[in-house]
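Student: Right, I'll just put the structure down here and ask away after.
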Amino acid sequence: MRIGTLKETYLGDAALFDSRTQKGWLIVLAAALVLFPFFAGSYWLYLACLVAINVASASGLNILTGYTGLVSLGQAAFMGLGAYTVAVLEIRLGTPFLLNLLAGGFVAMLGGLVVGIPSLRVKGLYLAIVTIAASFIAHFLFANFDLTGGTAGLTVPPAQIFGLQLDTSFKLYWLIVPITALMLLGSANLFRTRIGRAFIAIRDRDISAEVLGIPLLRTKLLSFGLSSFYAGVAGGLFAYFFRVITPESFPLSMSIFFLAAIIVGGMGTQLGAVLGATFMTLVPEALKLIVDIMPGGASFTVFLSPVRTIVFGLLIIGFLVFEPQGLAEVWRRIRRFFHLWPFRT
Amino acid sequence: MDWLTLFEVSLTGLASGGLYALAALAFVMVYKGTRVVNLAIGEMLMAGAYLFFTFAAMFALPIWLAIPAAVLAAGVLGGVIERTMIRPLLGEPPISVFMVTIGLGSVLVGLVEVIWSADQKRLPDFLPDDPIMVGEAFLSPKVFWGAVIAAVFIAAVLLLFRFWRGGVALRATASDQAAAYSVGINVPRVFSLSWVVGAMIAAVSGIIVGSIGGISSAMGVFGLSVLVVVIVGGLDSVLGALVAGLLIGVIEAVAGFYLGGEYKLLATFIVLVAVLMLRPYGLFGTHEIERL
């Protein structure tokens, strides 16, 4: 029975993986992720890639909204910026995909810095509405430029490595999942540094943070930039994954989806972004499966899309009302149950 | 430049701005009473319009009965929303409450699509359709009468605010909750009240908007313009809602006419960003002083 962790050094306290058990389970998880594509069918691989892209973007939003406390409804717009950058580079220049992804991230980062500028003066919900404005302006730009192919959008050639085309979910899995894992590791590490702690200080009380000597504008901009960088890379992966992008690929409802994902998962925790994005991506698929199984399923398919909308809304409301700490808290409770068993909490 | 056309376009803009102002009033009502930013305002509008559609077209009630019935039903809906979703979140950070209203919007859209399907529908005509001429300029009769009804309602709400006991209680709660409690105002009841009244006003504007342009499950987009209106005007200012409503109405109409329909939202959002950079609390919003 393990009822606590003993730490004898500050280094131990700040360690990325705090116990041997945790390291063990992470190795198991990594092994499972490596073995997964060899056993899974193409549908499950498709889902896995989609989940990984959403996890990457959600963990970016988590940096901004969960850790820095700046609510943003523009994540989809930044993903769009990244996706379009990647698409244009791939089509016009044919540069290697890793370079394109980085470029996508940096362009989105620039966009994020611009959108972040009002964040010093404008706070809370006003800021959320400003980010909605950003997503409309981005949509407008995508739809009205020659470079982005207007409303018809762009068709992206598959990513290539050493002449090998990454055109199936199986091959893309090896591109998307490692990058997502790297990004998650990066954001987990971020909060062990000075910058990450400054973000948290701003979230908890921005005026005290300023008094403590944290430059507010610079730190908030940095948070916007980092979060958009994540969104941009995720958007780039999105472009390689779906291969067709149009201005309609990145609607406002997608930004809402990501905000909902981190709320359902648990804001301001690494696990939350992962669990939330996974859960929210899989729920619609689960609904589809249920409808397929139901007798006379064909007559229900008409209702599939509105029922998804309703379930999406109910999930947000239900989690906020009954489980405001999200799935991460549920997970913690389950873990505690096993730690303390046979005693009850 | 043709001045008459500009005048005509701005006039139409002013008239539709009246509708924005009415919907914005529904928003301000809820915000003043409960400090909840209701992002589902467009969807509540839509719910009101669909309720009216049900009573008028499906149950075939006469118009004068269908409108009050729809408004009352919307009020009940508002009360239920307040009890089940907003009340449990008292004291939670504003972003949680704001996300709940996003969820609410999603649920309402889904329900409308399940019950009435996503197709566009027409509301029964009840606005007179003789052409309206203002000097030389022509104004679409539906838009004109919509604006007139909106103006009448806005005036009525303002009077209620000023003289009715409930209105006074609401204003008292808005300005200082603890003080309102201590003089014997039932604050939780005021919370319910502001949602009920807010939903009713939203339903009225939904019925007008729907009878001008038809109703569909995508009507919530109207709510985005309304959000811009309330943010530009200042979240908690009734005067701001009115002024910004007319302003955004005119800007949208002019941008839509001279640049094309896709510039409408773009123009309003650019105005929004510009206003917020200069006045972070909107044109007439209360400037909150923050201290440690």
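Letters for chains follow the order of the structure tokens (A, B, ...), residue numbers begin at 1 for each chain, and ligand numbers begin at 1 in the order shown.
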What lies within 8 Å of Gln75 (chain A) using only C-alpha atoms, ignoring chain neighbours under 4 positions off, as a PyMOL selection string?
Tutor: chain A and resi 57+61+79+228+231+254-255+258
Student: Mind dumping the selected residues with N, CA, C and O atoms as a compact mmCIF listing (two decimals), in the first residue's frame?
Tutor:
# COMPACT_ATOMS: atom_id res chain seq x y z
N SER A 57 -3.34 20.20 -29.92
CA SER A 57 -3.92 21.53 -29.91
C SER A 57 -4.51 21.88 -28.55
O SER A 57 -4.35 22.99 -28.06
N LEU A 61 -3.84 25.03 -25.93
CA LEU A 61 -4.85 25.92 -25.34
C LEU A 61 -4.78 25.87 -23.82
O LEU A 61 -5.03 26.86 -23.15
N MET A 79 -4.85 27.23 -35.56
CA MET A 79 -4.63 25.97 -36.27
C MET A 79 -4.73 26.20 -37.77
O MET A 79 -3.93 25.66 -38.55
N SER A 228 -0.29 29.40 -29.40
CA SER A 228 -0.57 29.41 -30.84
C SER A 228 0.45 28.57 -31.60
O SER A 228 0.12 28.01 -32.64
N ALA A 231 -0.90 25.27 -31.49
CA ALA A 231 -2.04 25.18 -32.40
C ALA A 231 -1.55 25.11 -33.83
O ALA A 231 -2.08 24.34 -34.64
N MET A 254 -14.99 24.80 -33.64
CA MET A 254 -13.80 24.02 -33.34
C MET A 254 -13.06 24.63 -32.14
O MET A 254 -12.57 23.90 -31.27
N SER A 255 -13.00 25.95 -32.10
CA SER A 255 -12.38 26.60 -30.94
C SER A 255 -13.15 26.25 -29.68
O SER A 255 -12.56 25.98 -28.62
N PHE A 258 -12.25 22.86 -28.44
CA PHE A 258 -11.01 22.74 -27.67
C PHE A 258 -11.18 23.28 -26.26
O PHE A 258 -10.67 22.71 -25.29
Student: Residues at most 10 Å from region 143-158 of chain A, counting only C-alpha atoms, excluding those fewer than 6 positions away in the same chain, as a PyMOL selection string?
Tutor: (chain A and resi 83-92+94+97+137+164-168+172+239-249) or (chain B and resi 262)
Student: For CA of Val275 (chain B) and CA of Val71 (chain A), quote the distance in Å rounded to one decimal.
Tutor: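 Interatomic distance, CA of Val275 (chain B) to CA of Val71 (chain A): 19.5 Å.
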Student: At a cut-off of 6 Å, using only C-alpha atoms, what residues contact region 233-235 of chain B? Leave out same-chain residues fewer than 4 positions from it and give the result as a PyMOL selection string.
Tutor: chain B and resi 240-241+244+281-285
Student: Quick one: everything within 9 Å of Ile154 (chain B), counting only C-alpha atoms, minus sequence neighbours fewer than 6 positions away in the same chain. Send it as a ChimeraX atom specification.
Tutor: /B:18,21-22,25,242
Student: Go ahead and save the picked residues with C-alpha atoms, as a PDB file, in the first residue's frame.
Tutor:
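Saved the output as out09.pdb:
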ATOM      1  CA  GLY B  18     -33.197  48.526 -33.118  1.00  0.00           C
ATOM      2  CA  ALA B  21     -30.640  46.828 -29.217  1.00  0.00           C
ATOM      3  CA  LEU B  22     -33.635  44.791 -28.049  1.00  0.00           C
ATOM      4  CA  LEU B  25     -31.213  44.465 -23.680  1.00  0.00           C
ATOM      5  CA  LEU B 242     -29.069  50.985 -27.260  1.00  0.00           C
TER       6      LEU B 242
END
Student: With 6 Å as the limit and counting only C-alpha atoms, what residues in chain A lie close to chain B? Please list them as JSON, numbers by chain.
Tutor: {"A": [122, 133, 306, 309, 310, 313, 316, 317]}
Student: Write a file of the just-selected residues containing all heavy atoms, as a PDB file, in the first residue's frame.
Tutor:
ATOM      1  N   VAL A 122      -7.457  44.425 -22.074  1.00  0.00           N
ATOM      2  CA  VAL A 122      -8.769  43.781 -22.088  1.00  0.00           C
ATOM      3  C   VAL A 122      -8.678  42.480 -21.314  1.00  0.00           C
ATOM      4  O   VAL A 122      -7.769  41.693 -21.523  1.00  0.00           O
ATOM      5  CB  VAL A 122      -9.190  43.493 -23.536  1.00  0.00           C
ATOM      6  CG1 VAL A 122     -10.552  42.891 -23.566  1.00  0.00           C
ATOM      7  CG2 VAL A 122      -9.145  44.757 -24.349  1.00  0.00           C
ATOM      8  N   ALA A 133     -13.223  37.544 -32.532  1.00  0.00           N
ATOM      9  CA  ALA A 133     -12.969  38.451 -33.645  1.00  0.00           C
ATOM     10  C   ALA A 133     -11.786  37.944 -34.458  1.00  0.00           C
ATOM     11  O   ALA A 133     -11.823  37.928 -35.693  1.00  0.00           O
ATOM     12  CB  ALA A 133     -12.696  39.855 -33.132  1.00  0.00           C
ATOM     13  N   PRO A 306     -27.790  16.278 -34.788  1.00  0.00           N
ATOM     14  CA  PRO A 306     -28.315  17.066 -33.664  1.00  0.00           C
ATOM     15  C   PRO A 306     -28.081  16.413 -32.305  1.00  0.00           C
ATOM     16  O   PRO A 306     -27.799  17.125 -31.327  1.00  0.00           O
ATOM     17  CB  PRO A 306     -29.808  17.192 -33.961  1.00  0.00           C
ATOM     18  CG  PRO A 306     -30.107  16.295 -35.073  1.00  0.00           C
ATOM     19  CD  PRO A 306     -28.840  16.033 -35.784  1.00  0.00           C
ATOM     20  N   THR A 309     -24.771  17.283 -31.172  1.00  0.00           N
ATOM     21  CA  THR A 309     -24.739  18.655 -30.667  1.00  0.00           C
ATOM     22  C   THR A 309     -25.260  18.714 -29.245  1.00  0.00           C
ATOM     23  O   THR A 309     -24.670  19.369 -28.380  1.00  0.00           O
ATOM     24  CB  THR A 309     -25.602  19.554 -31.571  1.00  0.00           C
ATOM     25  OG1 THR A 309     -25.431  19.147 -32.908  1.00  0.00           O
ATOM     26  CG2 THR A 309     -25.229  20.994 -31.409  1.00  0.00           C
ATOM     27  N   ILE A 310     -26.393  18.009 -28.987  1.00  0.00           N
ATOM     28  CA  ILE A 310     -26.976  18.032 -27.654  1.00  0.00           C
ATOM     29  C   ILE A 310     -26.018  17.405 -26.647  1.00  0.00           C
ATOM     30  O   ILE A 310     -25.760  17.966 -25.573  1.00  0.00           O
ATOM     31  CB  ILE A 310     -28.330  17.270 -27.638  1.00  0.00           C
ATOM     32  CG1 ILE A 310     -29.343  17.994 -28.505  1.00  0.00           C
ATOM     33  CG2 ILE A 310     -28.854  17.149 -26.213  1.00  0.00           C
ATOM     34  CD1 ILE A 310     -30.658  17.285 -28.621  1.00  0.00           C
ATOM     35  N   GLY A 313     -23.204  19.687 -25.744  1.00  0.00           N
ATOM     36  CA  GLY A 313     -23.607  20.712 -24.791  1.00  0.00           C
ATOM     37  C   GLY A 313     -23.807  20.152 -23.405  1.00  0.00           C
ATOM     38  O   GLY A 313     -23.346  20.725 -22.413  1.00  0.00           O
ATOM     39  N   ILE A 316     -20.568  19.536 -21.531  1.00  0.00           N
ATOM     40  CA  ILE A 316     -19.977  20.758 -20.959  1.00  0.00           C
ATOM     41  C   ILE A 316     -20.716  21.133 -19.684  1.00  0.00           C
ATOM     42  O   ILE A 316     -20.120  21.347 -18.621  1.00  0.00           O
ATOM     43  CB  ILE A 316     -20.052  21.922 -21.959  1.00  0.00           C
ATOM     44  CG1 ILE A 316     -19.335  21.571 -23.257  1.00  0.00           C
ATOM     45  CG2 ILE A 316     -19.448  23.179 -21.359  1.00  0.00           C
ATOM     46  CD1 ILE A 316     -19.419  22.669 -24.283  1.00  0.00           C
ATOM     47  N   ILE A 317     -22.059  21.195 -19.784  1.00  0.00           N
ATOM     48  CA  ILE A 317     -22.849  21.624 -18.623  1.00  0.00           C
ATOM     49  C   ILE A 317     -22.658  20.644 -17.477  1.00  0.00           C
ATOM     50  O   ILE A 317     -22.384  21.032 -16.338  1.00  0.00           O
ATOM     51  CB  ILE A 317     -24.341  21.722 -19.002  1.00  0.00           C
ATOM     52  CG1 ILE A 317     -24.546  22.763 -20.095  1.00  0.00           C
ATOM     53  CG2 ILE A 317     -25.177  22.082 -17.786  1.00  0.00           C
ATOM     54  CD1 ILE A 317     -25.925  22.767 -20.678  1.00  0.00           C
TER      55      ILE A 317
END
Student: CA of Gly75 (chain B) and CA of Ala23 (chain B) are how many Å apart?
Tutor: 14.7 Å
Student: Please return as a ChimeraX atom specification: the residues of region 68-137 of chain A that backbone DSSP assigns to helix (DSSP H, G or I).
Tutor: /A:75-93,97-120,124-137
Student: List the neighbours of Tyr173 (chain A) out to 9 Å using only C-alpha atoms; skip same-chain residues closer than 6 positions along the sequence, and give me the result as a JSON list (two decimals) with N, CA, C and O atoms, in the first residue's frame.
Tutor:
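Output saved as part32.json:
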[["chain", "number", "residue", "atom", "x", "y", "z"],
["A", 37, "PRO", "N", -0.39, 0.42, -33.63],
["A", 37, "PRO", "CA", -0.70, 0.40, -35.07],
["A", 37, "PRO", "C", -0.58, -0.98, -35.70],
["A", 37, "PRO", "O", -1.19, -1.22, -36.74],
["A", 45, "LEU", "N", -6.83, 3.46, -36.41],
["A", 45, "LEU", "CA", -5.64, 4.28, -36.65],
["A", 45, "LEU", "C", -6.03, 5.70, -37.01],
["A", 45, "LEU", "O", -5.43, 6.67, -36.54],
["A", 46, "TYR", "N", -7.07, 5.80, -37.84],
["A", 46, "TYR", "CA", -7.58, 7.12, -38.20],
["A", 46, "TYR", "C", -7.97, 7.89, -36.93],
["A", 46, "TYR", "O", -7.59, 9.03, -36.73],
["A", 48, "ALA", "N", -6.96, 7.34, -33.89],
["A", 48, "ALA", "CA", -5.79, 7.61, -33.04],
["A", 48, "ALA", "C", -5.08, 8.87, -33.52],
["A", 48, "ALA", "O", -4.69, 9.73, -32.72],
["A", 49, "CYS", "N", -4.93, 9.01, -34.85],
["A", 49, "CYS", "CA", -4.28, 10.20, -35.39],
["A", 49, "CYS", "C", -5.08, 11.45, -35.06],
["A", 49, "CYS", "O", -4.54, 12.48, -34.63],
["A", 52, "ALA", "N", -4.65, 12.34, -31.52],
["A", 52, "ALA", "CA", -3.34, 12.92, -31.24],
["A", 52, "ALA", "C", -3.28, 14.38, -31.67],
["A", 52, "ALA", "O", -2.74, 15.23, -30.94]]
Student: Residues within 6 Å of region 53-55 of chain A, please, as a VMD selection string. Count only C-alpha atoms; anything in the same chain fewer than 2 positions from it doesn't count.
Tutor: chain A and resid 50 to 51 57 to 59 234 274 277
Student: Write the selection just made, keeping N, CA and C atoms, as a short mmCIF file (atom, residue, chain, number, x, y, z; two decimals), in the first residue's frame?
Tutor:
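The resulting file, selection_7.cif, is reproduced below:
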data_model
loop_
_atom_site.label_atom_id
_atom_site.label_comp_id
_atom_site.auth_asym_id
_atom_site.auth_seq_id
_atom_site.Cartn_x
_atom_site.Cartn_y
_atom_site.Cartn_z
N LEU A 50 -6.41 11.35 -35.25
CA LEU A 50 -7.28 12.49 -34.96
C LEU A 50 -7.16 12.89 -33.49
N VAL A 51 -7.19 11.88 -32.61
CA VAL A 51 -7.06 12.15 -31.18
C VAL A 51 -5.74 12.84 -30.90
N SER A 57 -3.34 20.20 -29.92
CA SER A 57 -3.92 21.53 -29.91
C SER A 57 -4.51 21.88 -28.55
N ALA A 58 -5.17 20.91 -27.93
CA ALA A 58 -5.78 21.16 -26.62
C ALA A 58 -4.71 21.46 -25.59
N SER A 59 -3.56 20.77 -25.67
CA SER A 59 -2.54 21.05 -24.66
C SER A 59 -1.97 22.45 -24.88
N ALA A 234 -0.20 21.69 -34.59
CA ALA A 234 -1.34 20.78 -34.69
C ALA A 234 -2.09 21.00 -36.00
N VAL A 274 -5.00 15.93 -22.16
CA VAL A 274 -4.96 14.65 -22.88
C VAL A 274 -6.29 13.93 -22.77
N ALA A 277 -9.27 15.95 -24.50
CA ALA A 277 -9.28 15.91 -25.97
C ALA A 277 -9.64 14.51 -26.45
#
Student: Find the residues around region 190-204 of chain A up to 9 Å (only C-alpha atoms counted), leave out those fewer than 4 positions away in its own chain, and share them as a list in words.
Tutor: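 My list of contacting residues is Ala14, Ala15, Leu16, Ile63, Leu64, Thr65, Gly66, Tyr67, Thr68, Gly69, Leu70, Leu185, Gly186, Ser208, Ala209, Glu210, Ile214, Leu216, Thr219, Lys220, Leu222, Ser223 and Gly268 of chain A.
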Student: Write to file, as a compact mmCIF listing (two decimals), in the first residue's frame, the residues of the selection just made, with all heavy atoms.
Tutor:
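Ended up saving to selection.txt:
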# COMPACT_ATOMS: atom_id res chain seq x y z
N ALA A 14 10.61 18.63 -7.80
CA ALA A 14 10.30 19.25 -9.07
C ALA A 14 10.47 18.29 -10.24
O ALA A 14 10.37 18.70 -11.39
CB ALA A 14 11.19 20.48 -9.27
N ALA A 15 10.73 17.02 -9.94
CA ALA A 15 11.01 16.08 -11.03
C ALA A 15 9.81 15.92 -11.95
O ALA A 15 8.66 16.08 -11.54
CB ALA A 15 11.40 14.73 -10.45
N LEU A 16 10.10 15.61 -13.21
CA LEU A 16 9.04 15.49 -14.19
C LEU A 16 8.16 14.28 -13.89
O LEU A 16 6.94 14.35 -13.87
CB LEU A 16 9.66 15.36 -15.58
CG LEU A 16 8.75 15.50 -16.78
CD1 LEU A 16 7.97 16.79 -16.69
CD2 LEU A 16 9.58 15.47 -18.04
N ILE A 63 -2.15 25.65 -22.05
CA ILE A 63 -1.11 26.57 -21.58
C ILE A 63 -1.70 27.95 -21.40
O ILE A 63 -1.48 28.63 -20.39
CB ILE A 63 0.06 26.63 -22.59
CG1 ILE A 63 0.75 25.28 -22.68
CG2 ILE A 63 1.05 27.72 -22.20
CD1 ILE A 63 1.85 25.24 -23.71
N LEU A 64 -2.49 28.37 -22.39
CA LEU A 64 -3.03 29.73 -22.37
C LEU A 64 -4.19 29.88 -21.40
O LEU A 64 -4.20 30.77 -20.56
CB LEU A 64 -3.48 30.10 -23.79
CG LEU A 64 -4.02 31.51 -23.96
CD1 LEU A 64 -2.92 32.52 -23.70
CD2 LEU A 64 -4.56 31.72 -25.35
N THR A 65 -5.17 28.98 -21.51
CA THR A 65 -6.38 29.15 -20.72
C THR A 65 -6.27 28.47 -19.36
O THR A 65 -6.66 29.03 -18.34
CB THR A 65 -7.59 28.59 -21.49
OG1 THR A 65 -7.68 29.28 -22.72
CG2 THR A 65 -8.87 28.79 -20.72
N GLY A 66 -5.71 27.27 -19.34
CA GLY A 66 -5.64 26.53 -18.09
C GLY A 66 -4.58 27.07 -17.15
O GLY A 66 -4.80 27.15 -15.95
N TYR A 67 -3.42 27.42 -17.70
CA TYR A 67 -2.32 27.83 -16.82
C TYR A 67 -2.17 29.34 -16.70
O TYR A 67 -1.71 29.83 -15.68
CB TYR A 67 -1.00 27.22 -17.30
CG TYR A 67 -0.86 25.76 -16.99
CD1 TYR A 67 -1.09 24.81 -17.96
CD2 TYR A 67 -0.51 25.34 -15.72
CE1 TYR A 67 -0.97 23.46 -17.68
CE2 TYR A 67 -0.39 24.00 -15.43
CZ TYR A 67 -0.61 23.06 -16.41
OH TYR A 67 -0.50 21.74 -16.11
N THR A 68 -2.50 30.09 -17.78
CA THR A 68 -2.32 31.54 -17.69
C THR A 68 -3.64 32.24 -17.43
O THR A 68 -3.66 33.43 -17.11
CB THR A 68 -1.68 32.08 -18.98
OG1 THR A 68 -0.71 31.14 -19.43
CG2 THR A 68 -1.00 33.40 -18.74
N GLY A 69 -4.75 31.52 -17.56
CA GLY A 69 -6.04 32.09 -17.21
C GLY A 69 -6.60 33.06 -18.24
O GLY A 69 -7.48 33.84 -17.93
N LEU A 70 -6.07 33.02 -19.48
CA LEU A 70 -6.60 33.90 -20.52
C LEU A 70 -7.51 33.06 -21.41
O LEU A 70 -7.03 32.18 -22.12
CB LEU A 70 -5.46 34.48 -21.35
CG LEU A 70 -4.42 35.26 -20.57
CD1 LEU A 70 -3.21 35.55 -21.43
CD2 LEU A 70 -5.00 36.55 -20.06
N LEU A 185 5.49 16.57 -23.71
CA LEU A 185 6.65 16.59 -22.83
C LEU A 185 7.13 18.03 -22.65
O LEU A 185 7.45 18.47 -21.54
CB LEU A 185 7.75 15.75 -23.47
CG LEU A 185 8.87 15.30 -22.54
CD1 LEU A 185 8.32 14.37 -21.50
CD2 LEU A 185 9.97 14.62 -23.35
N GLY A 186 7.13 18.77 -23.77
CA GLY A 186 7.55 20.16 -23.72
C GLY A 186 6.69 20.96 -22.77
O GLY A 186 7.18 21.72 -21.94
N SER A 208 -1.03 40.75 -8.34
CA SER A 208 0.06 40.30 -7.45
C SER A 208 1.26 39.89 -8.27
O SER A 208 2.40 40.13 -7.89
CB SER A 208 -0.35 39.13 -6.59
OG SER A 208 -1.71 39.05 -6.45
N ALA A 209 0.99 39.24 -9.42
CA ALA A 209 2.10 38.80 -10.25
C ALA A 209 2.93 39.99 -10.68
O ALA A 209 4.17 39.96 -10.66
CB ALA A 209 1.57 38.06 -11.47
N GLU A 210 2.24 41.09 -11.03
CA GLU A 210 2.96 42.27 -11.46
C GLU A 210 3.78 42.84 -10.31
O GLU A 210 4.93 43.26 -10.49
CB GLU A 210 1.97 43.31 -11.97
CG GLU A 210 2.62 44.35 -12.84
CD GLU A 210 1.59 45.28 -13.45
OE1 GLU A 210 0.44 45.28 -12.98
OE2 GLU A 210 1.96 45.98 -14.39
N ILE A 214 6.80 40.28 -12.28
CA ILE A 214 6.62 39.57 -13.54
C ILE A 214 6.13 40.58 -14.58
O ILE A 214 5.11 41.24 -14.35
CB ILE A 214 5.59 38.44 -13.39
CG1 ILE A 214 6.16 37.36 -12.47
CG2 ILE A 214 5.23 37.85 -14.73
CD1 ILE A 214 5.13 36.37 -12.00
N LEU A 216 3.97 41.80 -17.07
CA LEU A 216 2.67 41.23 -17.46
C LEU A 216 2.53 41.06 -18.96
O LEU A 216 2.23 39.97 -19.44
CB LEU A 216 1.54 42.13 -16.95
CG LEU A 216 1.02 41.86 -15.57
CD1 LEU A 216 -0.30 42.57 -15.37
CD2 LEU A 216 0.82 40.37 -15.38
N THR A 219 4.85 38.41 -20.53
CA THR A 219 4.52 37.04 -20.17
C THR A 219 3.21 36.60 -20.81
O THR A 219 3.10 35.47 -21.29
CB THR A 219 4.44 36.92 -18.64
OG1 THR A 219 5.49 37.65 -18.08
CG2 THR A 219 4.54 35.48 -18.22
N LYS A 220 2.23 37.50 -20.82
CA LYS A 220 0.96 37.13 -21.45
C LYS A 220 1.16 36.87 -22.93
O LYS A 220 0.62 35.91 -23.49
CB LYS A 220 -0.06 38.24 -21.26
CG LYS A 220 -0.71 38.26 -19.88
CD LYS A 220 -1.74 39.35 -19.79
CE LYS A 220 -2.48 39.33 -18.48
NZ LYS A 220 -3.41 40.47 -18.36
N LEU A 222 3.87 35.90 -24.36
CA LEU A 222 4.61 34.65 -24.49
C LEU A 222 3.65 33.48 -24.41
O LEU A 222 3.74 32.52 -25.19
CB LEU A 222 5.65 34.56 -23.37
CG LEU A 222 6.68 33.47 -23.53
CD1 LEU A 222 7.49 33.73 -24.79
CD2 LEU A 222 7.60 33.45 -22.32
N SER A 223 2.70 33.59 -23.48
CA SER A 223 1.73 32.51 -23.33
C SER A 223 0.88 32.37 -24.59
O SER A 223 0.66 31.26 -25.10
CB SER A 223 0.86 32.79 -22.12
OG SER A 223 -0.10 31.79 -21.98
N GLY A 268 -5.81 23.31 -16.48
CA GLY A 268 -4.58 23.53 -15.75
C GLY A 268 -3.92 22.26 -15.25
O GLY A 268 -3.20 22.29 -14.27
Student: Go through A:Val311, A:Ile132, A:Leu98, A:Ala188 and flag the residue nearest Leu237 (chain A), using only C-alpha atoms for the distances.
Tutor: A:Leu98
Student: Taking only C-alpha atoms into account, which of B:Leu123, B:Val250, B:Met133, B:Val243 comes nearest Ile212 (chain B)?
Tutor: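 Checking each candidate against Ile212 (chain B), we get B:Leu123 as the closest.
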Student: Quick one, how far is CA of Gly167 (chain B) from CA of Val76 (chain B)?
Tutor: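 It comes out at 18.5 Å.
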Student: Select from region 17-142 of chain B everything DSSP, run on the backbone, classes as strand (DSSP E or B), then give the selection as a short mmCIF file (atom, residue, chain, number, x, y, z; two decimals) with all heavy atoms, in the first residue's frame.
Tutor:
data_model
loop_
_atom_site.label_atom_id
_atom_site.label_comp_id
_atom_site.auth_asym_id
_atom_site.auth_seq_id
_atom_site.Cartn_x
_atom_site.Cartn_y
_atom_site.Cartn_z
N LYS B 121 -37.55 27.69 -41.94
CA LYS B 121 -39.02 27.75 -41.93
C LYS B 121 -39.46 29.20 -41.99
O LYS B 121 -38.71 30.11 -41.64
CB LYS B 121 -39.55 27.11 -40.65
CG LYS B 121 -39.19 25.66 -40.52
CD LYS B 121 -40.31 24.89 -39.87
CE LYS B 121 -40.18 23.41 -40.10
NZ LYS B 121 -38.81 22.91 -40.01
N ILE B 132 -43.03 51.51 -46.86
CA ILE B 132 -42.82 52.67 -45.99
C ILE B 132 -41.88 53.63 -46.70
O ILE B 132 -40.82 53.22 -47.17
CB ILE B 132 -42.17 52.23 -44.66
CG1 ILE B 132 -42.97 51.14 -44.00
CG2 ILE B 132 -41.98 53.42 -43.74
CD1 ILE B 132 -44.29 51.57 -43.47
N MET B 133 -42.26 54.89 -46.81
CA MET B 133 -41.37 55.87 -47.40
C MET B 133 -40.98 56.89 -46.34
O MET B 133 -41.83 57.46 -45.68
CB MET B 133 -42.05 56.60 -48.57
CG MET B 133 -42.54 55.69 -49.68
SD MET B 133 -41.22 54.77 -50.49
CE MET B 133 -40.46 56.10 -51.43
N VAL B 134 -39.68 57.08 -46.18
CA VAL B 134 -39.21 58.16 -45.30
C VAL B 134 -38.63 59.21 -46.23
O VAL B 134 -37.53 59.04 -46.74
CB VAL B 134 -38.16 57.65 -44.32
CG1 VAL B 134 -37.70 58.78 -43.41
CG2 VAL B 134 -38.72 56.50 -43.50
N ALA B 137 -36.73 58.04 -49.35
CA ALA B 137 -36.10 56.73 -49.17
C ALA B 137 -37.14 55.65 -48.89
O ALA B 137 -38.12 55.87 -48.19
CB ALA B 137 -35.10 56.79 -48.02
N PHE B 138 -36.88 54.49 -49.46
CA PHE B 138 -37.77 53.35 -49.25
C PHE B 138 -37.23 52.47 -48.13
O PHE B 138 -36.03 52.26 -48.02
CB PHE B 138 -37.86 52.54 -50.55
CG PHE B 138 -38.55 51.22 -50.37
CD1 PHE B 138 -39.92 51.15 -50.29
CD2 PHE B 138 -37.80 50.06 -50.24
CE1 PHE B 138 -40.55 49.93 -50.12
CE2 PHE B 138 -38.43 48.84 -50.06
CZ PHE B 138 -39.81 48.78 -50.00
N LEU B 139 -38.12 51.99 -47.29
CA LEU B 139 -37.70 51.14 -46.18
C LEU B 139 -38.60 49.91 -46.19
O LEU B 139 -39.81 50.03 -46.29
CB LEU B 139 -37.85 51.91 -44.86
CG LEU B 139 -37.27 51.30 -43.61
CD1 LEU B 139 -35.79 51.03 -43.79
CD2 LEU B 139 -37.46 52.25 -42.45
#
